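Peer 1: Structure file my_file25.tsv, TSV, C-alpha atoms, is pasted below:
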```tsv
chain	number	residue	atom	x	y	z
X	1	MET	CA	-5.46	-16.10	17.43
X	2	PHE	CA	-8.61	-14.92	15.66
X	3	PRO	CA	-8.55	-16.08	12.01
X	4	THR	CA	-12.14	-14.93	11.52
X	5	LEU	CA	-14.35	-12.19	12.92
X	6	GLY	CA	-17.75	-13.82	12.64
X	7	PRO	CA	-18.01	-14.83	8.99
X	8	LEU	CA	-15.28	-12.43	7.84
X	9	PRO	CA	-11.55	-13.17	7.55
X	10	THR	CA	-9.83	-11.07	10.23
X	11	HIS	CA	-6.77	-10.25	8.16
X	12	ASP	CA	-8.74	-8.91	5.20
X	13	VAL	CA	-11.06	-6.90	7.48
X	14	PHE	CA	-8.15	-5.02	9.04
X	15	VAL	CA	-6.37	-4.51	5.72
X	16	GLY	CA	-9.64	-3.07	4.40
X	17	LEU	CA	-9.97	-0.75	7.42
X	18	GLY	CA	-6.32	0.27	6.98
X	19	VAL	CA	-6.94	1.13	3.33
X	20	LEU	CA	-10.01	3.21	4.26
X	21	ALA	CA	-8.02	5.11	6.90
X	22	ALA	CA	-5.18	5.67	4.42
X	23	VAL	CA	-7.58	6.99	1.75
X	24	ALA	CA	-9.13	9.45	4.24
X	25	VAL	CA	-5.72	10.75	5.33
X	26	PHE	CA	-4.49	10.98	1.72
X	27	VAL	CA	-7.52	13.02	0.61
X	28	ALA	CA	-7.30	15.33	3.65
X	29	GLU	CA	-3.59	15.96	3.12
X	30	ALA	CA	-4.03	16.51	-0.64
X	31	ARG	CA	-6.67	19.17	0.10
X	32	ARG	CA	-4.53	20.81	2.79
X	33	ARG	CA	-1.57	21.04	0.44
X	34	ASP	CA	-3.85	22.09	-2.42
X	35	GLN	CA	-2.58	19.19	-4.55
X	36	THR	CA	-5.93	18.53	-6.16
X	37	ASP	CA	-4.79	18.12	-9.75
X	38	GLU	CA	-6.85	15.34	-11.32
X	39	ARG	CA	-3.70	13.58	-12.47
X	40	ILE	CA	-3.25	12.57	-8.82
X	41	ALA	CA	-5.79	9.82	-9.59
X	42	TYR	CA	-3.33	8.32	-12.09
X	43	VAL	CA	-0.57	8.54	-9.48
X	44	VAL	CA	-2.76	6.67	-6.96
X	45	LEU	CA	-3.57	4.09	-9.63
X	46	GLY	CA	0.15	3.64	-10.32
X	47	ALA	CA	0.78	3.07	-6.60
X	48	LEU	CA	-2.02	0.51	-6.38
X	49	VAL	CA	-0.97	-1.42	-9.51
X	50	GLY	CA	2.68	-1.52	-8.42
X	51	GLY	CA	1.74	-2.38	-4.84
X	52	ALA	CA	-0.70	-5.15	-5.79
X	53	VAL	CA	1.70	-6.79	-8.25
X	54	PHE	CA	4.89	-6.55	-6.19
X	55	MET	CA	3.28	-7.57	-2.90
X	56	ARG	CA	2.47	-10.91	-4.60
X	57	LEU	CA	5.49	-11.34	-6.81
X	58	GLY	CA	8.06	-9.66	-4.57
X	59	THR	CA	8.91	-12.95	-2.91
X	60	TRP	CA	8.88	-14.97	-6.12
X	61	LEU	CA	12.54	-15.60	-6.96
X	62	GLN	CA	13.56	-16.87	-3.53
X	63	HIS	CA	16.03	-19.52	-4.63
X	64	LEU	CA	19.17	-19.13	-6.71
X	65	ASP	CA	18.32	-22.48	-8.28
X	66	LEU	CA	15.39	-21.25	-10.38
X	67	ARG	CA	13.80	-24.73	-10.55
X	68	GLN	CA	13.07	-24.52	-6.81
X	69	ASN	CA	10.93	-21.40	-7.23
X	70	ALA	CA	7.15	-21.61	-7.62
X	71	SER	CA	5.61	-21.02	-11.03
X	72	LEU	CA	4.21	-17.54	-11.65
X	73	THR	CA	0.66	-18.89	-11.28
X	74	GLU	CA	1.42	-20.63	-7.99
X	75	GLN	CA	3.19	-17.56	-6.64
X	76	TRP	CA	0.30	-15.27	-7.58
X	77	LEU	CA	-2.34	-17.55	-6.08
X	78	TYR	CA	-0.59	-19.03	-3.06
X	79	GLY	CA	2.64	-17.06	-2.51
X	80	ASN	CA	3.43	-14.86	0.49
X	81	ARG	CA	2.15	-11.29	0.52
X	82	SER	CA	5.05	-8.98	1.24
X	83	ILE	CA	4.67	-5.49	2.73
X	84	LEU	CA	8.19	-4.54	1.65
X	85	GLY	CA	7.49	-5.79	-1.88
X	86	GLY	CA	4.22	-3.83	-1.92
X	87	LEU	CA	5.88	-0.60	-0.75
X	88	PHE	CA	8.65	-0.98	-3.32
X	89	GLY	CA	6.12	-1.70	-6.08
X	90	ALA	CA	3.98	1.27	-5.05
X	91	TRP	CA	7.04	3.54	-5.18
X	92	LEU	CA	7.91	2.27	-8.67
X	93	GLY	CA	4.28	2.59	-9.78
X	94	VAL	CA	4.04	6.20	-8.61
X	95	HIS	CA	7.17	7.16	-10.54
X	96	ALA	CA	6.00	5.35	-13.68
X	97	ALA	CA	2.53	6.98	-13.51
X	98	LYS	CA	3.95	10.46	-12.92
X	99	ARG	CA	6.21	10.08	-15.93
X	100	LEU	CA	3.35	8.79	-18.10
X	101	VAL	CA	0.97	11.66	-17.29
X	102	GLY	CA	3.63	14.35	-16.91
X	103	TYR	CA	2.89	15.18	-13.27
X	104	ARG	CA	5.97	16.84	-11.79
X	105	PRO	CA	5.21	17.89	-8.15
X	106	ARG	CA	6.44	15.58	-5.39
X	107	THR	CA	3.69	13.39	-3.89
X	108	GLY	CA	5.56	11.67	-1.04
X	109	ASP	CA	4.07	14.02	1.57
X	110	LEU	CA	0.58	12.84	0.64
X	111	PHE	CA	1.51	9.17	0.93
X	112	ALA	CA	3.65	9.22	4.12
X	113	PRO	CA	0.97	9.80	6.81
X	114	ALA	CA	-1.55	7.73	4.83
X	115	VAL	CA	0.76	4.72	4.61
X	116	ALA	CA	1.76	5.02	8.29
X	117	LEU	CA	-1.84	5.01	9.53
X	118	GLY	CA	-2.88	2.33	7.03
X	119	MET	CA	-0.05	0.07	8.20
X	120	ALA	CA	-0.84	0.68	11.89
X	121	VAL	CA	-4.42	-0.49	11.32
X	122	GLY	CA	-3.65	-3.23	8.77
X	123	ARG	CA	-1.00	-4.84	10.97
X	124	VAL	CA	-3.67	-5.55	13.61
X	125	GLY	CA	-4.92	-8.21	11.18
X	126	CYS	CA	-1.45	-9.76	11.11
X	127	LEU	CA	-1.20	-9.64	14.92
X	128	LEU	CA	-4.47	-11.55	15.26
X	129	THR	CA	-3.80	-14.21	12.63
X	130	GLU	CA	-0.08	-14.80	11.96
X	131	LEU	CA	2.88	-16.30	13.79
X	132	PRO	CA	3.66	-13.62	16.40
X	133	GLY	CA	7.43	-14.02	16.65
X	134	THR	CA	10.29	-15.91	18.27
X	135	PRO	CA	10.19	-17.15	21.90
X	136	THR	CA	10.76	-14.48	24.52
X	137	GLY	CA	11.36	-14.35	28.25
X	138	THR	CA	9.48	-11.08	28.61
X	139	SER	CA	6.16	-10.84	30.40
X	140	TRP	CA	4.27	-9.50	27.35
X	141	GLY	CA	4.81	-12.55	25.13
X	142	ILE	CA	1.85	-14.13	23.31
X	143	ARG	CA	1.09	-17.78	24.19
X	144	LEU	CA	-0.57	-19.86	21.46
X	145	ASP	CA	-3.16	-22.53	22.23
X	146	PRO	CA	-2.45	-26.00	20.75
X	147	ALA	CA	-4.75	-25.47	17.72
X	148	ALA	CA	-3.18	-22.12	16.75
X	149	ALA	CA	0.31	-23.49	17.43
X	150	HIS	CA	-0.37	-26.44	15.11
X	151	ARG	CA	-1.72	-24.16	12.35
X	152	LEU	CA	1.24	-21.75	12.59
X	153	HIS	CA	3.91	-24.45	13.14
X	154	ALA	CA	4.92	-22.84	16.44
X	155	PRO	CA	5.37	-24.14	20.01
X	156	ALA	CA	2.22	-24.11	22.14
X	157	GLY	CA	2.16	-22.38	25.51
X	158	VAL	CA	5.53	-20.67	25.00
X	159	PRO	CA	5.55	-16.84	25.19
X	160	LEU	CA	6.38	-15.39	21.76
X	161	HIS	CA	7.41	-11.86	20.81
X	162	PRO	CA	4.36	-9.87	19.58
X	163	SER	CA	6.42	-8.59	16.63
X	164	PHE	CA	3.35	-7.21	14.82
X	165	GLY	CA	2.45	-5.35	18.01
X	166	TYR	CA	5.86	-3.69	17.89
X	167	GLU	CA	5.14	-2.69	14.27
X	168	ILE	CA	1.73	-1.29	15.18
X	169	VAL	CA	3.32	0.90	17.86
X	170	PHE	CA	6.02	2.04	15.41
X	171	HIS	CA	3.56	3.01	12.67
X	172	ALA	CA	1.16	4.68	15.13
X	173	LEU	CA	4.00	6.76	16.55
X	174	ALA	CA	5.27	7.54	13.05
X	175	PHE	CA	1.80	8.69	12.03
X	176	CYS	CA	1.50	10.97	15.08
X	177	LEU	CA	4.95	12.46	14.40
X	178	LEU	CA	4.16	12.99	10.72
X	179	TRP	CA	0.65	14.32	11.24
X	180	PHE	CA	1.09	16.57	14.23
X	181	TRP	CA	4.66	17.77	13.76
X	182	LEU	CA	6.80	16.90	10.75
X	183	ARG	CA	4.39	17.87	7.97
X	184	HIS	CA	4.24	21.39	9.45
X	185	ARG	CA	7.99	21.50	10.09
X	186	LEU	CA	9.56	20.31	6.82
X	187	ASP	CA	9.62	22.74	3.93
X	188	ALA	CA	11.26	20.41	1.36
X	189	PRO	CA	8.54	18.71	-0.70
X	190	GLY	CA	8.30	14.92	-0.62
X	191	GLU	CA	10.83	14.38	2.13
X	192	THR	CA	8.46	13.12	4.84
X	193	LEU	CA	8.04	9.87	2.87
X	194	THR	CA	11.81	9.46	2.50
X	195	LEU	CA	12.30	9.91	6.26
X	196	TYR	CA	9.40	7.61	7.14
X	197	LEU	CA	10.58	4.83	4.82
X	198	ALA	CA	14.17	5.12	6.08
X	199	ALA	CA	12.96	4.87	9.68
X	200	TYR	CA	10.70	1.91	8.83
X	201	GLY	CA	13.56	0.17	7.02
X	202	LEU	CA	15.79	0.46	10.09
X	203	PHE	CA	13.00	-0.62	12.43
X	204	ARG	CA	11.99	-3.54	10.22
X	205	PHE	CA	15.58	-4.78	9.97
X	206	ALA	CA	15.68	-4.86	13.79
X	207	VAL	CA	12.22	-6.39	14.28
X	208	GLU	CA	13.10	-9.22	11.88
X	209	LEU	CA	15.42	-10.49	14.64
X	210	VAL	CA	12.32	-11.49	16.63
X	211	ARG	CA	9.81	-12.01	13.77
X	212	GLY	CA	10.46	-15.70	13.26
X	213	ASN	CA	10.86	-15.55	9.48
X	214	GLU	CA	13.07	-18.16	7.83
X	215	VAL	CA	16.79	-17.43	8.09
X	216	VAL	CA	18.22	-17.97	4.61
X	217	TRP	CA	21.77	-16.60	4.51
X	218	ALA	CA	24.37	-15.39	6.99
X	219	GLY	CA	21.83	-15.37	9.83
X	220	LEU	CA	19.56	-12.99	7.91
X	221	THR	CA	15.95	-13.36	6.76
X	222	ARG	CA	14.75	-12.45	3.24
X	223	PRO	CA	13.34	-9.05	4.31
X	224	GLN	CA	16.70	-8.28	5.96
X	225	LEU	CA	18.56	-9.21	2.77
X	226	PHE	CA	16.23	-6.97	0.76
X	227	LEU	CA	16.81	-4.15	3.25
X	228	LEU	CA	20.54	-4.76	3.21
X	229	VAL	CA	20.52	-3.73	-0.46
X	230	THR	CA	17.90	-0.96	-0.44
X	231	LEU	CA	18.30	0.66	2.98
X	232	PRO	CA	21.86	1.99	2.43
X	233	LEU	CA	20.61	3.75	-0.72
X	234	LEU	CA	17.78	5.37	1.22
X	235	LEU	CA	20.04	6.34	4.13
X	236	ALA	CA	22.64	7.74	1.73
X	237	ARG	CA	19.93	9.90	0.20
X	238	VAL	CA	18.82	11.16	3.62
X	239	ALA	CA	22.45	11.95	4.54
X	240	TRP	CA	23.00	13.74	1.22
X	241	GLN	CA	19.85	15.78	1.64
X	242	ALA	CA	20.75	16.67	5.24
X	243	ARG	CA	24.23	17.72	4.16
X	244	HIS	CA	22.75	20.04	1.57
X	245	GLY	CA	20.45	21.67	4.11
X	246	VAL	CA	17.21	20.24	2.75
X	247	TYR	CA	15.88	19.52	6.24
X	248	ARG	CA	16.77	22.98	7.60
X	249	ARG	CA	13.82	25.32	8.09
X	250	ARG	CA	13.74	28.32	5.85
X	251	PRO	CA	14.10	31.49	7.97
X	252	VAL	CA	10.84	33.33	8.41
X	253	PRO	CA	11.26	36.87	7.01
X	254	ALA	CA	11.18	39.53	9.70
X	255	PRO	CA	8.10	41.75	9.63
X	256	VAL	CA	8.67	45.05	7.81
X	257	GLU	CA	8.10	48.10	9.91
X	258	VAL	CA	5.87	50.69	8.32
X	259	ALA	CA	6.79	54.27	9.19
O	1	MET	CA	-13.70	60.95	-18.75
O	2	SER	CA	-13.33	57.25	-18.54
O	3	GLN	CA	-16.39	55.07	-18.64
O	4	PRO	CA	-17.12	53.12	-15.47
O	5	SER	CA	-16.21	49.47	-16.00
O	6	VAL	CA	-19.22	47.33	-16.78
O	7	PRO	CA	-19.31	43.89	-15.21
O	8	PRO	CA	-19.32	41.15	-17.86
O	9	PRO	CA	-22.72	39.67	-18.57
O	10	THR	CA	-23.36	36.53	-16.63
O	11	GLY	CA	-23.68	33.24	-18.48
O	12	TYR	CA	-21.02	34.01	-21.08
O	13	GLY	CA	-17.90	33.02	-19.17
O	14	PRO	CA	-16.00	29.81	-19.69
O	15	PRO	CA	-17.98	26.75	-18.62
O	16	PRO	CA	-17.28	25.71	-15.03
O	17	LYS	CA	-14.60	23.02	-14.81
O	18	LYS	CA	-16.26	19.63	-14.40
O	19	GLY	CA	-14.78	17.38	-11.73
O	20	HIS	CA	-14.53	13.64	-12.07
O	21	SER	CA	-14.99	12.58	-8.43
O	22	LEU	CA	-18.28	10.83	-9.14
O	23	GLU	CA	-16.88	8.75	-12.00
O	24	LEU	CA	-13.85	7.84	-9.88
O	25	LEU	CA	-15.92	6.89	-6.83
O	26	VAL	CA	-18.63	4.90	-8.62
O	27	GLY	CA	-15.96	3.38	-10.87
O	28	ALA	CA	-13.97	2.26	-7.81
O	29	VAL	CA	-17.04	0.51	-6.39
O	30	LEU	CA	-17.65	-1.19	-9.75
O	31	GLY	CA	-13.98	-2.12	-9.95
O	32	GLY	CA	-14.18	-3.76	-6.51
O	33	ALA	CA	-17.19	-5.78	-7.61
O	34	ASP	CA	-15.39	-6.62	-10.87
O	35	ALA	CA	-12.37	-7.99	-8.95
O	36	VAL	CA	-14.53	-10.08	-6.61
O	37	VAL	CA	-16.76	-11.56	-9.33
O	38	THR	CA	-13.96	-12.35	-11.77
O	39	GLY	CA	-11.85	-13.69	-8.86
O	40	ILE	CA	-14.61	-16.13	-7.92
O	41	LEU	CA	-14.99	-17.16	-11.59
O	42	GLY	CA	-11.22	-17.66	-11.77
O	43	ALA	CA	-11.34	-19.88	-8.68
O	44	VAL	CA	-14.17	-21.94	-10.23
O	45	VAL	CA	-12.19	-22.30	-13.47
O	46	SER	CA	-9.03	-23.36	-11.63
O	47	THR	CA	-10.85	-26.26	-9.98
O	48	ASN	CA	-12.27	-27.52	-13.28
O	49	VAL	CA	-9.27	-27.15	-15.56
O	50	ALA	CA	-5.93	-28.92	-15.11
O	51	ASN	CA	-3.78	-25.96	-16.15
O	52	GLY	CA	-3.86	-23.30	-13.40
O	53	VAL	CA	-3.02	-20.56	-15.89
O	54	TRP	CA	-6.67	-20.55	-17.01
O	55	SER	CA	-7.70	-19.24	-13.59
O	56	PHE	CA	-6.29	-15.89	-14.72
O	57	GLY	CA	-8.74	-15.78	-17.66
O	58	PRO	CA	-11.79	-14.22	-15.95
O	59	PRO	CA	-9.79	-11.60	-13.98
O	60	LEU	CA	-7.91	-10.64	-17.15
O	61	VAL	CA	-11.21	-10.17	-19.01
O	62	GLY	CA	-12.42	-8.12	-16.04
O	63	LEU	CA	-9.29	-6.01	-16.33
O	64	LEU	CA	-9.68	-5.55	-20.07
O	65	ILE	CA	-12.96	-3.62	-19.71
O	66	PRO	CA	-11.53	-0.62	-17.80
O	67	VAL	CA	-8.44	-0.64	-19.99
O	68	VAL	CA	-10.67	-0.21	-23.05
O	69	LEU	CA	-12.54	2.60	-21.24
O	70	LEU	CA	-9.20	4.38	-20.75
O	71	LEU	CA	-8.77	4.74	-24.51
O	72	ASN	CA	-11.75	7.08	-25.00
O	73	GLU	CA	-11.58	10.52	-23.42
O	74	SER	CA	-15.27	10.56	-22.46
O	75	THR	CA	-14.99	7.26	-20.54
O	76	ARG	CA	-11.41	7.63	-19.30
O	77	TRP	CA	-12.29	8.57	-15.69
O	78	TRP	CA	-14.62	5.61	-15.41
O	79	GLY	CA	-11.72	3.42	-16.52
O	80	VAL	CA	-9.37	4.98	-13.95
O	81	GLY	CA	-11.96	4.55	-11.19
O	82	ILE	CA	-12.65	0.92	-12.06
O	83	LEU	CA	-8.92	0.14	-12.17
O	84	ILE	CA	-8.40	1.83	-8.77
O	85	GLY	CA	-11.20	-0.28	-7.26
O	86	PHE	CA	-9.93	-3.46	-8.94
O	87	PHE	CA	-6.35	-3.16	-7.65
O	88	LEU	CA	-7.45	-1.89	-4.23
O	89	THR	CA	-9.55	-5.03	-3.89
O	90	LEU	CA	-6.61	-7.20	-4.97
O	91	ILE	CA	-4.61	-5.69	-2.09
O	92	VAL	CA	-7.38	-5.93	0.52
O	93	LEU	CA	-8.44	-9.45	-0.40
O	94	GLY	CA	-4.86	-10.63	-0.89
O	95	GLY	CA	-5.45	-13.94	0.85
O	96	ALA	CA	-9.05	-14.48	-0.15
O	97	CYS	CA	-8.28	-16.18	-3.49
O	98	VAL	CA	-6.46	-18.98	-1.69
O	99	ALA	CA	-9.47	-19.51	0.57
O	100	LEU	CA	-11.80	-19.47	-2.46
O	101	ILE	CA	-9.77	-22.05	-4.36
O	102	SER	CA	-9.62	-24.27	-1.25
O	103	THR	CA	-13.40	-23.95	-0.89
O	104	PHE	CA	-14.12	-24.87	-4.49
O	105	SER	CA	-11.58	-27.70	-4.36
O	106	GLY	CA	-13.62	-29.18	-1.50
```
Will you turn the file into structure tokens for me?

Peer 2:
Amino acid sequence: MFPTLGPLPTHDVFVGLGVLAAVAVFVAEARRRDQTDERIAYVVLGALVGGAVFMRLGTWLQHLDLRQNASLTEQWLYGNRSILGGLFGAWLGVHAAKRLVGYRPRTGDLFAPAVALGMAVGRVGCLLTELPGTPTGTSWGIRLDPAAAHRLHAPAGVPLHPSFGYEIVFHALAFCLLWFWLRHRLDAPGETLTLYLAAYGLFRFAVELVRGNEVVWAGLTRPQLFLLVTLPLLLARVAWQARHGVYRRRPVPAPVEVA
Amino acid sequence: MSQPSVPPPTGYGPPPKKGHSLELLVGAVLGGADAVVTGILGAVVSTNVANGVWSFGPPLVGLLIPVVLLLNESTRWWGVGILIGFFLTLIVLGGACVALISTFSG
């Protein structure tokens, strides 16, 4: 484990690098798609406000007995930061901002590759600082030294699933698929984000089995419970869109012969 | 016979559309600094005052400035830029406030 890189906190360094990578991809894709309307800045602001607020408060009401939950101040200052909460908040923020400024075009295609690359880089910070996962018999497990094991409340010397490594591979592959293939293949606007989020939801539900998060109900962790509610909605949308031919390529018109 | 079309005199067209990239970019940098400075002040306040709610005071004041800038059309893009930088920094330095408060608490 590497909690710091020199004087800098490792986690924040990689989140910062992830954000920079995401901004670069977002700007490049916006230019390629000629979506350079200045109101895009408001849309980005909406995503950031929603993401920043929900990543901190997304895990707030954890207990049905409200007295057991942290106060709003405690949650904001010391609570968990949740990727799923942040993504959900960003999605809400984008929709609110678009409605406020009257921007109608879909923006999901700008966010999808940016978020995928940003997550692939940002998760390196998690891999280097957080509890890797549950014990594994595989040869690629991460073994913690006694100091790291004590800090993370995990067993020392036992191979643990590198669950953040699995996520990095997923997001890197997703980015490559989106960047080199899907964005040129899909004609329907905004759908690359829907497909990416649906795939991430399925993957995340599975990776939670080896993440080592607290099991709270029916053998499921909190992210799994969140996904149990939201993922069927997303998958239903994908199925509906597929049924209506949204993902089919439009036929390219045959060249007209000139006599 | 029709007259040959005369090109319009230069300099009389509509003024070129002014972009706002500079305001957004510089504003974002200022917003990042705003979030860091007011975050540190908030951490200092939280260690000196019993009620933790007061630690939100400095960041809220820091947030009020760009919100006011949003209200005027001539400063609106500065406000948007500062807000983008502020919230981006909140995301990047998500765990830093805890470390700051621990530091100031000794």

Peer 1: Determine the nearest neighbour of chain O from the options X:Asp34, X:Glu130, X:Glu257, X:Asp12, counting all atoms listed in the file.

Peer 2: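 Distance minimum relative to chain O lands on X:Asp12.
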
Peer 1: Do you have, as a Markdown table, the list of residues of chain X lying at most 6 Å from chain O, each with its nearest atom pair and that distance in Å to one decimal, counting only C-alpha atoms and ordered by chain then number?

Peer 2:
```
| residue | atom | partner | partner_atom | distance |
| --- | --- | --- | --- | --- |
| X:Asp12 | CA | O:Leu93 | CA | 5.6 |
| X:Val15 | CA | O:Val92 | CA | 5.5 |
| X:Gly16 | CA | O:Val92 | CA | 5.3 |
| X:Leu45 | CA | O:Ile84 | CA | 5.4 |
| X:Leu48 | CA | O:Phe87 | CA | 5.8 |
| X:Val49 | CA | O:Phe87 | CA | 6.0 |
| X:Ala52 | CA | O:Ile91 | CA | 5.4 |
```

Peer 1: Pick out the closest residue to Gly31 (chain O) from this set: O:Gly57, O:Asn72, O:Val45, O:Leu63. Count all atoms listed in the file.

Peer 2: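 Smallest separation from Gly31 (chain O) among the options: O:Leu63.
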
Peer 1: Using all atoms listed in the file, find all polymer residues with an atom at most 8 Å away from the point (11.7, -15.2, 24.4); report them as a VMD selection string.

Peer 2: chain X and resid 134 to 138 141 159 to 161

Peer 1: Need to verify the contact set: region 151-158 of chain X, 8 Å, all atoms listed in the file, exclusion of same-chain residues closer than 2 positions in sequence. Can you return it as JSON, numbers by chain?

Peer 2: {"X": [130, 131, 135, 142, 143, 144, 145, 146, 147, 148, 149, 160]}

Peer 1: Residues near region 98-109 of chain X, anyone? I mean within 9 Å using all atoms listed in the file, not counting same-chain ones fewer than 3 positions away, as an MDAnalysis selection string.

Peer 2: chainID X and resid 29:30 35 37 39:40 42:43 46 93:95 112:113 183 189:194

Peer 1: What gap, in Å, lies between CA of Leu8 (chain X) and CA of Glu167 (chain X)?

Peer 2: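 Between CA of Leu8 (chain X) and CA of Glu167 (chain X) the gap is 23.5 Å.
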
Peer 1: Identify, on the basis of only C-alpha atoms, every residue whose closest approach to Tyr247 (chain X) does not exceed 8 Å; exclude the query and any residue fewer than 5 positions from it along the same chain; express the result as a ChimeraX atom specification.

Peer 2: /X:186-188,241-242

Peer 1: Mind dumping the selected residues with C-alpha atoms as a compact mmCIF listing (two decimals), keeping the file's coordinate frame?

Peer 2:
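out.txt was written with the following content:
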```txt
# COMPACT_ATOMS: atom_id res chain seq x y z
CA LEU X 186 9.56 20.31 6.82
CA ASP X 187 9.62 22.74 3.93
CA ALA X 188 11.26 20.41 1.36
CA GLN X 241 19.85 15.78 1.64
CA ALA X 242 20.75 16.67 5.24
```

Peer 1: Could you pull the residues within 6 Å of Gly51 (chain X), counting all atoms listed in the file, minus those fewer than 3 positions along the same chain, as a PDB file with C-alpha atoms, in the coordinates of the input?

Peer 2:
```pdb
ATOM      1  CA  ALA X  47       0.780   3.070  -6.600  1.00  0.00           C
ATOM      2  CA  LEU X  48      -2.020   0.510  -6.380  1.00  0.00           C
ATOM      3  CA  PHE X  54       4.890  -6.550  -6.190  1.00  0.00           C
ATOM      4  CA  MET X  55       3.280  -7.570  -2.900  1.00  0.00           C
ATOM      5  CA  GLY X  86       4.220  -3.830  -1.920  1.00  0.00           C
ATOM      6  CA  GLY X  89       6.120  -1.700  -6.080  1.00  0.00           C
ATOM      7  CA  ALA X  90       3.980   1.270  -5.050  1.00  0.00           C
TER       8      ALA X  90
END
```

Peer 1: Closest to Thr73 (chain X) among X:Leu57, X:Pro253, X:Gly133, X:Leu234, using all atoms listed in the file?

Peer 2: X:Leu57

Peer 1: Considering all atoms listed in the file, can you say which of O:Val29, O:Trp78, O:Gly42, O:Glu23 comes closest to Pro59 (chain O)?

Peer 2: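 Nearest to Pro59 (chain O): O:Gly42.
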
Peer 1: Applying 12 Å and all atoms listed in the file, which residues near Gly118 (chain X) remain after dropping the ones on its own chain fewer than 6 positions away? List them as a ChimeraX atom specification.

Peer 2: /X:14-26,83,111-112,124-125,167-168,171-172,174-175 /O:92

Peer 1: Work out how far CA of Trp181 (chain X) is from CA of Val115 (chain X), in Å to one decimal.

Peer 2: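 Interatomic distance here is 16.4 Å.
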
Peer 1: Which is closer to Arg76 (chain O) than all the others in O:Gly27, O:Ile40, O:Ala33, O:Ala50, using all atoms listed in the file?

Peer 2: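 The answer is O:Gly27, which sits nearest to Arg76 (chain O).
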
Peer 1: Please indicate the distance in Å from CA of Arg31 (chain X) to CA of Val13 (chain X), rounded to one decimal place.

Peer 2: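 Distance reported for this atom pair: 27.4 Å.
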
Peer 1: X:Leu182, X:Glu208, X:Leu227, X:Gly219: which is nearest Arg249 (chain X), counting all atoms listed in the file?

Peer 2: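 Using all atoms listed in the file, Arg249 (chain X) sits closest to X:Leu182.
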